[in-house]
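Structure file coords.cif with mmCIF, C-alpha atoms:
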```
data_structure
#
loop_
_atom_site.label_atom_id
_atom_site.label_comp_id
_atom_site.auth_asym_id
_atom_site.auth_seq_id
_atom_site.Cartn_x
_atom_site.Cartn_y
_atom_site.Cartn_z
CA GLY A 1 94.56 67.53 106.71
CA ALA A 2 97.04 66.27 104.21
CA VAL A 3 100.67 66.82 105.16
CA VAL A 4 103.62 67.09 102.84
CA SER A 5 107.15 67.31 104.17
CA GLN A 6 110.39 68.35 102.54
CA HIS A 7 113.89 67.59 103.61
CA PRO A 8 116.11 69.39 104.12
CA SER A 9 114.42 72.70 104.89
CA TRP A 10 117.58 74.54 103.92
CA VAL A 11 120.94 73.65 102.48
CA ILE A 12 124.13 75.52 101.71
CA CYS A 13 126.56 73.88 99.33
CA LYS A 14 129.62 74.64 97.29
CA SER A 15 129.46 75.18 93.58
CA GLY A 16 129.84 71.94 91.64
CA THR A 17 128.29 69.66 94.23
CA SER A 18 124.94 67.87 93.94
CA VAL A 19 122.06 68.32 96.32
CA LYS A 20 119.11 66.01 96.85
CA ILE A 21 115.77 67.29 98.11
CA GLU A 22 113.08 64.90 99.30
CA CYS A 23 109.35 65.43 99.16
CA ARG A 24 107.10 63.10 101.14
CA SER A 25 103.37 62.85 101.50
CA LEU A 26 102.98 61.76 105.10
CA ASP A 27 99.41 60.60 105.35
CA PHE A 28 98.21 60.02 101.82
CA GLN A 29 99.26 58.51 98.55
CA ALA A 30 100.33 60.82 95.79
CA THR A 31 100.56 59.41 92.31
CA THR A 32 101.61 62.84 91.09
CA MET A 33 103.96 65.36 92.66
CA PHE A 34 105.07 68.68 91.31
CA TRP A 35 108.29 70.59 91.74
CA TYR A 36 108.27 74.37 91.74
CA ARG A 37 110.98 76.94 91.96
CA GLN A 38 110.53 80.38 93.37
CA PHE A 39 112.88 83.33 93.14
CA PRO A 40 112.60 86.13 95.69
CA LYS A 41 109.43 88.14 95.32
CA GLN A 42 108.36 86.16 92.28
CA SER A 43 105.68 83.66 91.46
CA LEU A 44 106.12 79.93 91.72
CA MET A 45 107.29 78.43 88.47
CA LEU A 46 106.52 74.82 87.69
CA MET A 47 109.67 72.88 86.91
CA ALA A 48 108.40 69.38 86.39
CA THR A 49 105.64 66.92 87.03
CA SER A 50 106.64 63.71 88.73
CA ASN A 51 104.58 60.57 88.31
CA GLU A 52 105.18 57.48 90.37
CA GLY A 53 106.87 54.78 88.38
CA SER A 54 107.49 56.81 85.26
CA LYS A 55 109.77 59.51 83.94
CA ALA A 56 109.11 63.06 85.00
CA THR A 57 107.71 65.60 82.58
CA TYR A 58 109.78 68.76 82.47
CA GLU A 59 108.58 72.23 81.61
CA GLN A 60 110.13 74.05 78.72
CA GLY A 61 113.47 75.52 79.62
CA VAL A 62 114.15 73.19 82.55
CA GLU A 63 117.20 70.98 82.04
CA LYS A 64 116.28 67.43 82.91
CA ASP A 65 119.91 66.38 83.22
CA LYS A 66 120.52 69.09 85.76
CA PHE A 67 117.36 68.63 87.79
CA LEU A 68 116.96 64.89 88.23
CA ILE A 69 113.61 63.76 89.52
CA ASN A 70 112.82 60.33 90.87
CA HIS A 71 109.39 59.26 92.08
CA ALA A 72 110.10 55.84 93.49
CA SER A 73 106.98 55.36 95.57
CA LEU A 74 103.51 56.78 96.11
CA THR A 75 104.78 58.87 98.99
CA LEU A 76 108.23 60.02 97.92
CA SER A 77 109.68 62.12 95.15
CA THR A 78 113.22 63.44 95.05
CA LEU A 79 114.78 66.34 93.19
CA THR A 80 118.53 66.27 92.72
CA VAL A 81 120.25 69.45 91.61
CA THR A 82 123.40 68.22 89.92
CA SER A 83 126.59 70.26 89.71
CA ALA A 84 124.90 73.16 91.43
CA HIS A 85 125.90 76.72 90.61
CA PRO A 86 125.08 80.00 92.36
CA GLU A 87 122.29 80.70 89.86
CA ASP A 88 120.55 77.55 91.11
CA SER A 89 120.10 79.19 94.48
CA SER A 90 116.39 79.41 95.05
CA PHE A 91 113.42 78.24 97.08
CA TYR A 92 112.30 74.83 95.86
CA ILE A 93 108.77 73.73 96.72
CA CYS A 94 107.08 70.46 96.02
CA SER A 95 103.40 69.74 96.00
CA ALA A 96 101.56 66.47 96.07
CA GLN A 97 98.28 65.61 94.48
CA ARG A 98 96.24 63.15 96.46
CA THR A 99 95.42 60.15 94.31
CA SER A 100 91.85 60.15 95.62
CA ASP A 101 91.37 63.91 95.17
CA PRO A 102 93.25 65.20 92.13
CA ASP A 103 91.66 68.65 92.32
CA THR A 104 93.74 69.79 95.28
CA GLN A 105 97.47 70.15 95.69
CA TYR A 106 99.20 70.18 99.04
CA PHE A 107 102.47 72.05 99.27
CA GLY A 108 105.54 71.07 101.19
CA PRO A 109 107.24 73.69 103.39
CA GLY A 110 109.95 74.32 100.81
CA THR A 111 113.72 73.96 100.71
CA ARG A 112 116.00 76.98 100.58
CA LEU A 113 119.07 76.17 98.48
CA THR A 114 122.08 78.45 98.60
CA VAL A 115 125.01 77.64 96.35
CA LEU A 116 128.24 79.40 97.21
CA GLN B 1 99.39 81.98 79.68
CA GLN B 2 100.24 83.26 83.13
CA PRO B 3 97.14 84.66 84.81
CA VAL B 4 97.17 88.34 85.60
CA GLN B 5 96.58 89.39 89.17
CA SER B 6 95.50 92.81 90.32
CA PRO B 7 96.34 94.80 92.25
CA GLN B 8 100.02 94.03 92.65
CA ALA B 9 99.98 95.26 96.22
CA VAL B 10 97.52 96.64 98.71
CA ILE B 11 97.82 98.09 102.18
CA LEU B 12 94.88 97.87 104.54
CA ARG B 13 94.00 98.91 108.02
CA GLU B 14 92.75 96.15 110.26
CA GLY B 15 89.04 95.67 109.65
CA GLU B 16 89.04 96.95 106.06
CA ASP B 17 88.02 94.90 103.03
CA ALA B 18 89.99 93.98 99.93
CA VAL B 19 89.39 92.31 96.58
CA ILE B 20 92.08 90.55 94.58
CA ASN B 21 91.40 89.67 90.97
CA CYS B 22 92.85 86.95 88.79
CA SER B 23 92.25 86.98 85.03
CA SER B 24 93.18 84.54 82.32
CA SER B 25 93.22 84.86 78.56
CA LYS B 26 92.34 81.18 78.24
CA ALA B 27 89.35 79.11 79.33
CA LEU B 28 89.89 77.60 82.75
CA TYR B 29 88.96 74.38 84.46
CA SER B 30 89.71 75.61 87.96
CA VAL B 31 91.20 78.43 89.97
CA HIS B 32 93.15 77.86 93.16
CA TRP B 33 93.96 80.49 95.73
CA TYR B 34 96.98 80.37 98.03
CA ARG B 35 98.46 82.66 100.63
CA GLN B 36 102.19 82.72 101.21
CA LYS B 37 103.98 84.24 104.17
CA HIS B 38 107.53 85.44 103.69
CA GLY B 39 109.95 82.52 103.58
CA GLU B 40 107.23 79.91 103.80
CA ALA B 41 105.47 77.65 101.33
CA PRO B 42 102.06 78.65 100.02
CA VAL B 43 99.04 77.62 102.03
CA PHE B 44 95.97 76.42 100.22
CA LEU B 45 92.91 78.64 100.71
CA MET B 46 90.33 77.29 98.32
CA ILE B 47 89.66 75.92 94.88
CA LEU B 48 86.90 76.93 92.52
CA LEU B 49 85.77 74.70 89.72
CA LYS B 50 83.88 75.68 86.60
CA GLY B 51 80.29 76.74 86.85
CA GLY B 52 80.12 80.12 88.52
CA GLU B 53 81.16 78.65 91.80
CA GLN B 54 81.51 80.72 94.92
CA LYS B 55 83.13 79.64 98.14
CA GLY B 56 84.02 81.08 101.47
CA HIS B 57 85.66 80.29 104.75
CA GLU B 58 85.13 82.63 107.63
CA LYS B 59 85.79 86.06 106.19
CA ILE B 60 87.60 85.01 103.03
CA SER B 61 85.55 84.12 99.99
CA ALA B 62 86.05 83.77 96.27
CA SER B 63 84.08 83.62 93.08
CA PHE B 64 84.78 82.22 89.65
CA ASN B 65 83.25 83.77 86.58
CA GLU B 66 84.01 81.29 83.84
CA LYS B 67 82.65 83.51 81.08
CA LYS B 68 84.97 86.28 82.03
CA GLN B 69 87.72 83.77 82.77
CA GLN B 70 88.21 85.57 86.02
CA SER B 71 88.24 84.84 89.71
CA SER B 72 88.10 87.24 92.61
CA LEU B 73 89.19 86.74 96.20
CA TYR B 74 87.33 88.77 98.82
CA LEU B 75 88.84 89.50 102.21
CA THR B 76 86.34 90.98 104.62
CA ALA B 77 87.16 92.74 107.87
CA SER B 78 90.83 91.98 107.38
CA GLN B 79 92.96 90.76 110.26
CA LEU B 80 96.68 91.16 110.81
CA SER B 81 97.11 87.47 110.03
CA TYR B 82 95.83 88.06 106.51
CA SER B 83 99.10 89.73 105.57
CA GLY B 84 101.06 87.88 102.94
CA THR B 85 101.24 87.39 99.22
CA TYR B 86 98.19 85.90 97.57
CA PHE B 87 98.63 83.78 94.47
CA CYS B 88 96.02 82.46 92.15
CA GLY B 89 96.87 79.27 90.31
CA THR B 90 94.95 78.34 87.21
CA GLU B 91 94.35 74.98 85.65
CA ARG B 92 93.21 74.91 82.06
CA LYS B 93 91.71 71.46 81.92
CA ARG B 94 91.36 68.47 84.15
CA GLY B 95 93.78 65.85 83.08
CA SER B 96 96.43 68.42 82.22
CA GLN B 97 98.19 66.61 85.03
CA GLY B 98 96.77 69.14 87.39
CA ASN B 99 99.69 71.48 87.14
CA LEU B 100 99.02 75.03 88.03
CA ILE B 101 100.20 78.22 86.44
CA PHE B 102 100.54 80.88 89.07
CA GLY B 103 100.00 84.60 88.79
CA LYS B 104 102.69 86.97 90.00
CA GLY B 105 101.00 87.45 93.31
CA THR B 106 99.34 90.27 95.22
CA LYS B 107 101.10 91.48 98.32
CA LEU B 108 98.66 92.31 101.08
CA SER B 109 99.78 94.21 104.15
CA VAL B 110 97.36 94.68 107.00
CA LYS B 111 98.32 97.35 109.49
CA PRO B 112 96.95 97.78 113.03
#
```
Show me this structure written as structure tokens.
Amino acid sequence: GAVVSQHPSWVICKSGTSVKIECRSLDFQATTMFWYRQFPKQSLMLMATSNEGSKATYEQGVEKDKFLINHASLTLSTLTVTSAHPEDSSFYICSAQRTSDPDTQYFGPGTRLTVL
Amino acid sequence: QQPVQSPQAVILREGEDAVINCSSSKALYSVHWYRQKHGEAPVFLMILLKGGEQKGHEKISASFNEKKQQSSLYLTASQLSYSGTYFCGTERKRGSQGNLIFGKGTKLSVKP
């Protein structure tokens, strides 16, 4: 089956620092990747859609200057949380849409971000 | 536009059945079902596309009633491993970049 990895799996950082999270599709090409955020006991909320070679599309209410997304290749998308604050602490999950099968999304294992 | 899931939570004894519903106020292209264990990413269960589709894998099946804009997930003879939160994700049209809008989830607890 399709495998999506995220790195790191967890990170603790100080307020004001930037954190980069990587999302990789290991055995397939993904023209499109999605970034979700999940607060405890809540549903996943789509943050942005990342398309290889173009600018990401952000959902309403998501600050694009704070959550920088780069999709440099067909297997890698990165989310950088800039100047992180405690309210940015959350579980960040990416998903990848296989170029050859756009009906199915494959989720990464998630990254737990804690900002002190 | 967030789909509505019901019930919010359910507790079962091992071997019992459960139904989880997912309703939308808008016409849907597809419905996806995921199960999430605590602290882990969601795991894909199945996708249903328009057309009254039904699907199943082992003792978990689902149906999609496009007229009612509703999907139901059926868990038969539940096992302890079925415990988790079940999310439905809805897609309004193909080409909407495939992004999903998730319901709030249904927490399923299966007890021995």
Show me a table, sorted first by chain and then by increasing residue number, of the residues of chain A having an atom at most 7 Å from chain B, each with its shortest atom pair and the distance in Å to one decimal, counting only C-alpha atoms and written as a tab-separated table.
```
residue	atom	partner	partner_atom	distance
A:Gln42	CA	B:Lys104	CA	6.2
A:Ser43	CA	B:Lys104	CA	4.7
A:Leu44	CA	B:Phe102	CA	6.2
A:Ile93	CA	B:Ala41	CA	6.9
A:Phe107	CA	B:Pro42	CA	6.7
A:Gly108	CA	B:Ala41	CA	6.6
A:Pro109	CA	B:Ala41	CA	4.8
A:Gly110	CA	B:Ala41	CA	5.6
```
Residue with the minimum atom-to-atom distance to Thr75 of chain A, picked from A:Ile21, A:Ala2, A:Ala96, A:Val62 with all atoms listed in the file counted, is A:Ala96
Neighbours of point (120.5, 63.8, 87.4) within 12 Å, using all atoms listed in the file, written as a CSV table (one decimal) with C-alpha atoms, keeping the file's coordinate frame:
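Contents of point20.csv, as written:
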```csv
chain,number,residue,atom,x,y,z
A,17,THR,CA,128.3,69.7,94.2
A,18,SER,CA,124.9,67.9,93.9
A,19,VAL,CA,122.1,68.3,96.3
A,20,LYS,CA,119.1,66.0,96.8
A,56,ALA,CA,109.1,63.1,85.0
A,63,GLU,CA,117.2,71.0,82.0
A,64,LYS,CA,116.3,67.4,82.9
A,65,ASP,CA,119.9,66.4,83.2
A,66,LYS,CA,120.5,69.1,85.8
A,67,PHE,CA,117.4,68.6,87.8
A,68,LEU,CA,117.0,64.9,88.2
A,69,ILE,CA,113.6,63.8,89.5
A,70,ASN,CA,112.8,60.3,90.9
A,78,THR,CA,113.2,63.4,95.0
A,79,LEU,CA,114.8,66.3,93.2
A,80,THR,CA,118.5,66.3,92.7
A,81,VAL,CA,120.2,69.4,91.6
A,82,THR,CA,123.4,68.2,89.9
A,83,SER,CA,126.6,70.3,89.7
A,84,ALA,CA,124.9,73.2,91.4
```
Residues within 12 Å of segment 51-65 of chain B, all atoms listed in the file, excluding chain neighbours under 2 positions, as JSON, numbers by chain | {"B": [15, 16, 17, 18, 19, 20, 21, 22, 23, 24, 27, 28, 29, 30, 31, 32, 33, 34, 35, 44, 45, 46, 47, 48, 49, 67, 68, 69, 70, 71, 72, 73, 74, 75, 76, 77, 78, 79, 82, 86, 88, 90]}
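Take atom CA of Met45 of chain A and atom CA of Ser95 of chain A: the distance between them is 12.1 Å.
With only the atoms specified (only C-alpha atoms) counting, those residues at most 9 Å away from (94.0, 59.8, 91.9) are Gln29, Ala30, Thr31, Thr32, Gln97, Arg98, Thr99, Ser100, Asp101 and Pro102 of chain A.
The space between atom CA of Glu22 of chain A and atom CA of Lys37 of chain B spans 21.9 Å.
Comparing the minimum interatomic distances between Met47 of chain A and each of A:Leu74, A:Tyr92, A:Arg112, A:Phe28, counting all atoms listed in the file, we find that A:Tyr92 sits nearest.
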Apply the PyMOL selection byres ((chain B and resi 80) around 8) to the file shown and report the selected residues as an MDAnalysis selection string.
-> chainID B and resid 14 78:79 81:83 109:112
Could you write out that same residue set with C-alpha atoms as a CSV table (one decimal), in the coordinates of the input?
```csv
chain,number,residue,atom,x,y,z
B,14,GLU,CA,92.8,96.2,110.3
B,78,SER,CA,90.8,92.0,107.4
B,79,GLN,CA,93.0,90.8,110.3
B,81,SER,CA,97.1,87.5,110.0
B,82,TYR,CA,95.8,88.1,106.5
B,83,SER,CA,99.1,89.7,105.6
B,109,SER,CA,99.8,94.2,104.2
B,110,VAL,CA,97.4,94.7,107.0
B,111,LYS,CA,98.3,97.4,109.5
B,112,PRO,CA,97.0,97.8,113.0
```
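With all atoms listed in the file as the atoms that count, the residue of A:Phe91, A:Gly16, A:Lys41, A:Thr49 with the shortest distance to Leu116 of chain A is A:Gly16.
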Which is closest to Ser90 of chain A among A:Ser77, A:Ser54, A:Gln105, A:Gln38, if we use only C-alpha atoms?
-> A:Gln38
